[in-house]
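Quick notes on the structure that follows.
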Amino acid sequence: MAHGPAVTPAQDPPTRAGEFARPVNGGAHGVPGVRVAIAHDYLTQRGGAERVVLAMHRAFPDAPIYTTLYDPDGTYPEFREATIITSPLNRVGVLRRHHRWALPFLPLASSWMRVPADVVLVSTSGWAHGFRTDGVREVYCHTPARWVYLLEQYLGSAPSSSPTGWAMLLARPLLECWDRRAMSSVQHMVANSTVVRDRIKEVYGRDVEIEHPPHRMQDSTETEAVPQMAGFAGDGEYFLSVSRLLPYKNVDRVMEALRVRPDRRLVLVGTGPLEHQLRQLCPENVLMLSDLSDAQMRGLYRGAMAVVAASHEDFGITPLEGFAFGRPTLALRGGGYLDTVVPGMTGAFFEEPTPEAIGRVLDRFRSDDWDEQAIRDHARRFSEDRFVARLHQVVAARADDAARSHP
């Protein structure tokens with residue numbers, strides 16, 4: 001199947017307003033005659049939101065993806081197969097590599113983005129719902145912007161305790177004004193979890209339905225060994241944590257729980273602003289990894305005892321990826337984990353993200369206590385096939401909406 005050329009850092013992105021309005025490639029797969037496009041905040045990292053965009057891309061492979069910034073080396077390699085259309089900010093290499101530095105410029109860049117399509121599938125946690133379009137938008141909300149409505153959680157400390165926090169406090173009124181104005185024009189929206197649905201109601205006063213994100217890990221697909229694992233731990237002898245290295249992910253608390261349990265092993269996969277700091281604090285029984293392939297990740301999930309998830313998540317995709325291999329999750333009781341972790345069947349909760357609380361759950365864990373097949377069966381409720389089928393239904397419905405509004 002043919003794809004348009006991806007706009008990459010080596011190939012200058014469109015910079016004039018007229019260039020944003022080039023025609024969308026062909027018709028939408030599964031919905032003939034409908035121009036479908038995908039919009040996302042920025043494609044600069046590997047996380048659950050980017051996994052959702054990949055699922056959208058697989059559902060509509062001819063649909064171009066509009067985004068403010070795109071770093072092909074920082075996000076999933078599958079995006080190289082897509083047509084990626086970026087904002088002028090993408091010309092600035094340092095912003096592609098450090099998207100948080102672009103925060104002061106993103107409201108304007110997002111407002112300038114124009115998406116020519118009949119139906120736009122929008123994946124957002126802050127910006128893509130502000131892209132302009134004459135079509136009908138279906139907004140998949142991962143959360144209202146954390147840097148506006150959950151600033152202390154986003155920073156990991158009181159905003160007044162750092163220069164960055166003070167700067168964001170000063171910018172917050174303008175960011176909130178932009179966000180509410182952009183969201184007021186959204187016709188259709190769904191939340192990715194119960195906690196996000198409730199947050200949307202609190203922030204925007206809107207009642208929305210829930211559509212859980214999918215996972216794409218399959219126990220039967222190919223795996224690949226991770227060279228750094230040689231001599232560190234054998235199969236079934238380590239816990240696995242997969243996370244961006246940000247303050248609210250609480251990775252440092254998991255590390256501290258392992259530090260006083262030298263007989264336990266933890267493999268930590270992720271990158272982020274705290275990577276250098278965490279590597280300095282890393283005990284010998286914790287192995288930090290990054291930039292792994294999907295085949296290597298499947299190998300790690302299959303070989304782990306359990307997944308450890310201590311972050312404040314809006315949904316949290318890693319438990320589902322572990323479930324696909326029959327591995328339970330030890331998770332913080334809260335957020336999206338309440339939608340996926342079933343105590344006693346697919347995992348166990350700890351009540352607060354402290355080394356002590358995490359350690360107590362690690363101490364109680366026994367691999368023989370879990371039914372791997374029941375966990376795999378639970379994972380199938382969140383399959384990508386189900387998610388893609390739902391996307392096709394939604395696009396067909398939104399295309400009908402657009403046809404009625406423009407007879």
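Chain labels run A, B, ... following the order of the structure tokens; each chain numbers its residues from 1, and ligands are numbered from 1 in the order shown.
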
| message | Just list as a PyMOL selection string whatever in segment 25-249 of chain A DSSP marks as alpha helix (DSSP H). | response | chain A and resi 48-59+93-97+106-112+146-149+151-155+163-184+194-204

Would you put the residues from that selection into a file with C-alpha atoms, as a tab-separated table (two decimals), in the first residue's frame?
```tsv
chain	number	residue	atom	x	y	z
A	48	GLY	CA	0.78	4.93	25.42
A	49	ALA	CA	-0.57	7.97	23.56
A	50	GLU	CA	1.75	7.29	20.65
A	51	ARG	CA	0.60	3.65	20.67
A	52	VAL	CA	-2.96	4.92	20.21
A	53	VAL	CA	-1.86	7.01	17.21
A	54	LEU	CA	-0.21	3.92	15.73
A	55	ALA	CA	-3.50	2.05	16.10
A	56	MET	CA	-5.27	4.92	14.33
A	57	HIS	CA	-2.65	4.75	11.58
A	58	ARG	CA	-3.15	1.01	11.17
A	59	ALA	CA	-6.90	1.54	10.99
A	93	GLY	CA	16.05	20.48	15.99
A	94	VAL	CA	16.38	21.14	19.72
A	95	LEU	CA	12.58	21.36	20.03
A	96	ARG	CA	12.15	18.03	18.29
A	97	ARG	CA	14.48	16.46	20.82
A	106	LEU	CA	2.84	25.43	21.09
A	107	PRO	CA	-0.44	27.39	21.47
A	108	LEU	CA	0.39	29.50	18.43
A	109	ALA	CA	1.82	26.58	16.44
A	110	SER	CA	-1.25	24.46	17.22
A	111	SER	CA	-3.63	27.26	16.24
A	112	TRP	CA	-1.81	27.61	12.91
A	146	ARG	CA	-1.48	18.14	33.08
A	147	TRP	CA	0.62	21.32	32.94
A	148	VAL	CA	-2.58	23.35	33.37
A	149	TYR	CA	-4.90	21.34	35.60
A	151	LEU	CA	0.62	21.14	37.55
A	152	GLU	CA	1.96	19.95	40.90
A	153	GLN	CA	1.58	16.30	39.90
A	154	TYR	CA	3.20	17.03	36.53
A	155	LEU	CA	6.23	18.70	38.13
A	163	PRO	CA	12.05	28.40	38.57
A	164	THR	CA	10.33	26.09	36.07
A	165	GLY	CA	7.31	25.86	38.34
A	166	TRP	CA	7.08	29.64	38.71
A	167	ALA	CA	7.30	30.07	34.94
A	168	MET	CA	4.48	27.58	34.42
A	169	LEU	CA	2.38	29.24	37.11
A	170	LEU	CA	2.74	32.54	35.26
A	171	ALA	CA	1.86	30.93	31.93
A	172	ARG	CA	-1.03	28.84	33.24
A	173	PRO	CA	-3.83	31.46	32.88
A	174	LEU	CA	-3.01	31.97	29.21
A	175	LEU	CA	-2.64	28.23	28.58
A	176	GLU	CA	-5.97	27.53	30.28
A	177	CYS	CA	-7.68	30.24	28.23
A	178	TRP	CA	-6.30	28.76	25.01
A	179	ASP	CA	-7.25	25.22	26.05
A	180	ARG	CA	-10.84	26.03	26.97
A	181	ARG	CA	-11.38	28.03	23.79
A	182	ALA	CA	-9.96	25.19	21.67
A	183	MET	CA	-12.05	22.57	23.45
A	184	SER	CA	-15.26	24.63	23.08
A	194	THR	CA	-12.86	6.44	34.12
A	195	VAL	CA	-10.58	8.91	35.88
A	196	VAL	CA	-10.16	10.96	32.70
A	197	ARG	CA	-13.90	10.92	32.08
A	198	ASP	CA	-14.41	12.37	35.57
A	199	ARG	CA	-11.61	14.91	35.02
A	200	ILE	CA	-13.20	16.05	31.74
A	201	LYS	CA	-16.50	16.56	33.54
A	202	GLU	CA	-14.76	18.62	36.24
A	203	VAL	CA	-12.66	20.72	33.86
A	204	TYR	CA	-14.94	21.17	30.85
```

| said: Residues near segment 68-73 of chain A, anyone? I mean within 8 Å using only C-alpha atoms, not counting same-chain ones fewer than 5 positions away, as a PyMOL selection string. | reply: chain A and resi 8-9+40-45+79-80+84+86-90+95-97+99+106+109-110+113

Near segment 367-387 of chain A, 9 Å: segment 253-345 of chain A residue rows, closest pairs, only C-alpha atoms, as a Markdown table:
```
| residue | atom | partner | partner_atom | distance |
| --- | --- | --- | --- | --- |
| A:Met305 | CA | A:Ser367 | CA | 6.4 |
| A:Ala306 | CA | A:Ser367 | CA | 8.1 |
| A:Pro319 | CA | A:Ala379 | CA | 8.9 |
| A:Leu320 | CA | A:Ala379 | CA | 5.8 |
| A:Glu321 | CA | A:Ala379 | CA | 7.9 |
| A:Gly322 | CA | A:Ala379 | CA | 8.6 |
| A:Phe323 | CA | A:Arg376 | CA | 5.4 |
| A:Ala324 | CA | A:Arg376 | CA | 5.0 |
| A:Phe325 | CA | A:Arg376 | CA | 6.3 |
| A:Gly326 | CA | A:Glu372 | CA | 4.1 |
| A:Arg327 | CA | A:Glu372 | CA | 6.6 |
| A:Pro328 | CA | A:Ile375 | CA | 7.1 |
| A:Thr340 | CA | A:His378 | CA | 8.6 |
| A:Gly344 | CA | A:Trp370 | CA | 7.9 |
| A:Met345 | CA | A:Ile375 | CA | 6.9 |
```

| field | Close residues, segment 126-141 of chain A itself excluded, 6 Å, only C-alpha atoms, min 2 positions apart in chain, as a VMD selection string | value | chain A and resid 39 to 41 110 to 111 113 to 124 143 145 182 188 to 191

Writer output for current selection, N, CA and C atoms, as a CSV table (one decimal), in the first residue's frame:
```csv
chain,number,residue,atom,x,y,z
A,39,ALA,N,-4.6,13.6,14.0
A,39,ALA,CA,-3.9,14.7,14.6
A,39,ALA,C,-3.4,14.2,16.0
A,40,HIS,N,-2.2,14.6,16.3
A,40,HIS,CA,-1.6,14.3,17.6
A,40,HIS,C,-0.7,15.4,18.1
A,41,ASP,N,-0.6,15.6,19.4
A,41,ASP,CA,0.2,16.7,19.9
A,41,ASP,C,1.6,16.8,19.3
A,110,SER,N,-0.1,25.3,17.3
A,110,SER,CA,-1.2,24.5,17.2
A,110,SER,C,-2.4,25.2,16.5
A,111,SER,N,-2.6,26.5,16.9
A,111,SER,CA,-3.6,27.3,16.2
A,111,SER,C,-3.4,27.4,14.7
A,113,MET,N,-1.9,25.2,12.8
A,113,MET,CA,-2.1,23.9,12.1
A,113,MET,C,-3.5,23.8,11.5
A,114,ARG,N,-3.6,23.5,10.2
A,114,ARG,CA,-4.9,23.3,9.6
A,114,ARG,C,-4.9,21.9,9.0
A,115,VAL,N,-6.0,21.2,9.2
A,115,VAL,CA,-6.1,19.8,8.8
A,115,VAL,C,-7.3,19.7,7.8
A,116,PRO,N,-7.0,19.5,6.5
A,116,PRO,CA,-8.0,19.4,5.5
A,116,PRO,C,-8.5,18.0,5.4
A,117,ALA,N,-9.7,17.7,5.9
A,117,ALA,CA,-10.3,16.4,5.9
A,117,ALA,C,-11.8,16.4,6.3
A,118,ASP,N,-12.5,15.4,5.9
A,118,ASP,CA,-13.9,15.3,6.3
A,118,ASP,C,-14.0,14.8,7.8
A,119,VAL,N,-13.2,13.9,8.2
A,119,VAL,CA,-13.2,13.4,9.6
A,119,VAL,C,-11.7,13.5,10.1
A,120,VAL,N,-11.5,14.0,11.3
A,120,VAL,CA,-10.2,14.1,11.9
A,120,VAL,C,-10.3,13.3,13.2
A,121,LEU,N,-9.4,12.3,13.3
A,121,LEU,CA,-9.3,11.5,14.6
A,121,LEU,C,-8.2,12.2,15.3
A,122,VAL,N,-8.5,12.8,16.5
A,122,VAL,CA,-7.6,13.6,17.3
A,122,VAL,C,-7.2,12.9,18.5
A,123,SER,N,-5.9,12.7,18.7
A,123,SER,CA,-5.4,12.1,19.9
A,123,SER,C,-4.7,13.3,20.7
A,124,THR,N,-5.2,13.6,21.9
A,124,THR,CA,-4.7,14.8,22.6
A,124,THR,C,-4.6,14.6,24.1
A,143,THR,N,-6.0,13.0,28.6
A,143,THR,CA,-6.3,13.8,29.8
A,143,THR,C,-6.3,15.2,29.5
A,145,ALA,N,-4.9,18.8,29.9
A,145,ALA,CA,-3.5,19.1,30.0
A,145,ALA,C,-3.0,19.1,31.5
A,182,ALA,N,-10.1,26.3,22.7
A,182,ALA,CA,-10.0,25.2,21.7
A,182,ALA,C,-10.9,24.1,21.9
A,188,HIS,N,-17.2,16.1,19.2
A,188,HIS,CA,-17.3,14.8,19.8
A,188,HIS,C,-16.0,14.4,20.5
A,189,MET,N,-16.2,13.8,21.7
A,189,MET,CA,-15.0,13.5,22.5
A,189,MET,C,-15.3,12.2,23.3
A,190,VAL,N,-14.2,11.4,23.5
A,190,VAL,CA,-14.3,10.3,24.4
A,190,VAL,C,-13.1,10.3,25.3
A,191,ALA,N,-13.2,9.7,26.4
A,191,ALA,CA,-12.1,9.6,27.4
A,191,ALA,C,-11.4,8.2,27.3
```

| query | Which is closer to Ala348 of chain A than all the others in A:Val308, A:Glu313, A:Leu274, A:Arg298, using only C-alpha atoms? | reply |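 Closest to Ala348 of chain A of all the choices is A:Val308.
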
| request: Enumerate the residues of segment 107-272 of chain A with a DSSP assignment of strand (DSSP E or B), computed from the backbone, and present them as an NGL selection string. | output: :A and (114 or 119-124 or 132 or 136-141 or 188-191 or 209-210 or 215 or 239-242 or 266-269)

Those selected residues, please, written with N, CA, C and O atoms and delivered as a JSON list (two decimals), in the first residue's frame.
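The resulting result-v2.json:
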```
[["chain", "number", "residue", "atom", "x", "y", "z"],
["A", 114, "ARG", "N", -3.55, 23.46, 10.21],
["A", 114, "ARG", "CA", -4.85, 23.27, 9.55],
["A", 114, "ARG", "C", -4.90, 21.87, 8.96],
["A", 114, "ARG", "O", -3.97, 21.44, 8.27],
["A", 119, "VAL", "N", -13.16, 13.92, 8.19],
["A", 119, "VAL", "CA", -13.17, 13.44, 9.58],
["A", 119, "VAL", "C", -11.73, 13.46, 10.10],
["A", 119, "VAL", "O", -10.82, 12.97, 9.42],
["A", 120, "VAL", "N", -11.55, 14.03, 11.27],
["A", 120, "VAL", "CA", -10.23, 14.08, 11.89],
["A", 120, "VAL", "C", -10.27, 13.31, 13.21],
["A", 120, "VAL", "O", -11.06, 13.64, 14.10],
["A", 121, "LEU", "N", -9.43, 12.27, 13.30],
["A", 121, "LEU", "CA", -9.27, 11.53, 14.55],
["A", 121, "LEU", "C", -8.17, 12.24, 15.35],
["A", 121, "LEU", "O", -7.01, 12.26, 14.94],
["A", 122, "VAL", "N", -8.55, 12.81, 16.48],
["A", 122, "VAL", "CA", -7.64, 13.63, 17.26],
["A", 122, "VAL", "C", -7.22, 12.89, 18.52],
["A", 122, "VAL", "O", -8.07, 12.48, 19.31],
["A", 123, "SER", "N", -5.92, 12.70, 18.69],
["A", 123, "SER", "CA", -5.37, 12.14, 19.92],
["A", 123, "SER", "C", -4.71, 13.29, 20.67],
["A", 123, "SER", "O", -3.76, 13.90, 20.17],
["A", 124, "THR", "N", -5.20, 13.61, 21.88],
["A", 124, "THR", "CA", -4.71, 14.81, 22.55],
["A", 124, "THR", "C", -4.59, 14.64, 24.05],
["A", 124, "THR", "O", -5.38, 13.95, 24.69],
["A", 132, "ARG", "N", -6.93, 23.50, 13.50],
["A", 132, "ARG", "CA", -8.11, 23.95, 12.77],
["A", 132, "ARG", "C", -8.49, 22.96, 11.67],
["A", 132, "ARG", "O", -7.63, 22.35, 11.05],
["A", 136, "VAL", "N", -15.26, 17.20, 10.65],
["A", 136, "VAL", "CA", -15.79, 16.81, 11.96],
["A", 136, "VAL", "C", -14.66, 16.15, 12.75],
["A", 136, "VAL", "O", -13.96, 15.28, 12.24],
["A", 137, "ARG", "N", -14.49, 16.57, 13.99],
["A", 137, "ARG", "CA", -13.43, 16.02, 14.84],
["A", 137, "ARG", "C", -14.00, 15.01, 15.83],
["A", 137, "ARG", "O", -15.03, 15.24, 16.44],
["A", 138, "GLU", "N", -13.29, 13.90, 15.96],
["A", 138, "GLU", "CA", -13.53, 12.91, 17.02],
["A", 138, "GLU", "C", -12.30, 12.95, 17.92],
["A", 138, "GLU", "O", -11.22, 12.49, 17.53],
["A", 139, "VAL", "N", -12.45, 13.53, 19.11],
["A", 139, "VAL", "CA", -11.30, 13.76, 19.98],
["A", 139, "VAL", "C", -11.18, 12.61, 20.98],
["A", 139, "VAL", "O", -12.11, 12.33, 21.75],
["A", 140, "TYR", "N", -10.01, 11.98, 20.96],
["A", 140, "TYR", "CA", -9.67, 10.95, 21.93],
["A", 140, "TYR", "C", -8.80, 11.61, 22.98],
["A", 140, "TYR", "O", -7.63, 11.92, 22.73],
["A", 141, "CYS", "N", -9.34, 11.85, 24.15],
["A", 141, "CYS", "CA", -8.66, 12.63, 25.18],
["A", 141, "CYS", "C", -7.96, 11.71, 26.17],
["A", 141, "CYS", "O", -8.60, 10.94, 26.88],
["A", 188, "HIS", "N", -17.15, 16.12, 19.17],
["A", 188, "HIS", "CA", -17.29, 14.78, 19.76],
["A", 188, "HIS", "C", -16.01, 14.42, 20.50],
["A", 188, "HIS", "O", -14.91, 14.63, 19.99],
["A", 189, "MET", "N", -16.16, 13.84, 21.69],
["A", 189, "MET", "CA", -15.00, 13.50, 22.50],
["A", 189, "MET", "C", -15.28, 12.24, 23.30],
["A", 189, "MET", "O", -16.40, 12.02, 23.77],
["A", 190, "VAL", "N", -14.23, 11.42, 23.47],
["A", 190, "VAL", "CA", -14.29, 10.27, 24.37],
["A", 190, "VAL", "C", -13.08, 10.34, 25.29],
["A", 190, "VAL", "O", -12.06, 10.98, 24.97],
["A", 191, "ALA", "N", -13.17, 9.68, 26.43],
["A", 191, "ALA", "CA", -12.07, 9.61, 27.40],
["A", 191, "ALA", "C", -11.44, 8.24, 27.35],
["A", 191, "ALA", "O", -12.10, 7.25, 26.99],
["A", 209, "GLU", "N", -18.21, 9.45, 26.91],
["A", 209, "GLU", "CA", -18.09, 8.01, 27.06],
["A", 209, "GLU", "C", -16.61, 7.63, 27.17],
["A", 209, "GLU", "O", -15.71, 8.44, 26.94],
["A", 210, "ILE", "N", -16.37, 6.37, 27.53],
["A", 210, "ILE", "CA", -15.01, 5.85, 27.70],
["A", 210, "ILE", "C", -14.72, 4.87, 26.58],
["A", 210, "ILE", "O", -15.53, 4.00, 26.25],
["A", 215, "HIS", "N", -3.82, -2.58, 23.43],
["A", 215, "HIS", "CA", -2.43, -3.02, 23.45],
["A", 215, "HIS", "C", -2.20, -3.84, 22.19],
["A", 215, "HIS", "O", -3.14, -4.29, 21.54],
["A", 239, "PHE", "N", 11.36, -8.35, 38.21],
["A", 239, "PHE", "CA", 10.20, -7.52, 37.96],
["A", 239, "PHE", "C", 10.52, -6.56, 36.82],
["A", 239, "PHE", "O", 11.69, -6.24, 36.58],
["A", 240, "LEU", "N", 9.47, -6.08, 36.16],
["A", 240, "LEU", "CA", 9.65, -5.20, 35.01],
["A", 240, "LEU", "C", 8.85, -3.92, 35.20],
["A", 240, "LEU", "O", 7.66, -3.97, 35.57],
["A", 241, "SER", "N", 9.48, -2.78, 34.97],
["A", 241, "SER", "CA", 8.79, -1.50, 35.00],
["A", 241, "SER", "C", 9.10, -0.76, 33.71],
["A", 241, "SER", "O", 10.27, -0.64, 33.32],
["A", 242, "VAL", "N", 8.06, -0.29, 33.02],
["A", 242, "VAL", "CA", 8.21, 0.41, 31.75],
["A", 242, "VAL", "C", 7.56, 1.78, 31.90],
["A", 242, "VAL", "O", 6.36, 1.88, 32.13],
["A", 266, "LEU", "N", 15.06, -5.83, 39.35],
["A", 266, "LEU", "CA", 14.13, -4.99, 38.59],
["A", 266, "LEU", "C", 14.77, -4.56, 37.29],
["A", 266, "LEU", "O", 15.92, -4.10, 37.27],
["A", 267, "VAL", "N", 14.04, -4.69, 36.19],
["A", 267, "VAL", "CA", 14.45, -4.14, 34.90],
["A", 267, "VAL", "C", 13.57, -2.93, 34.63],
["A", 267, "VAL", "O", 12.34, -3.04, 34.62],
["A", 268, "LEU", "N", 14.18, -1.79, 34.43],
["A", 268, "LEU", "CA", 13.47, -0.53, 34.21],
["A", 268, "LEU", "C", 13.74, -0.06, 32.78],
["A", 268, "LEU", "O", 14.89, 0.16, 32.39],
["A", 269, "VAL", "N", 12.67, 0.09, 32.00],
["A", 269, "VAL", "CA", 12.80, 0.50, 30.60],
["A", 269, "VAL", "C", 12.16, 1.87, 30.44],
["A", 269, "VAL", "O", 10.98, 2.06, 30.76]]
```

| task | Would you mind reading off the distance between atom CA of Arg244 of chain A and atom CA of Met288 of chain A, one decimal, in Å? | result | 11.9 Å
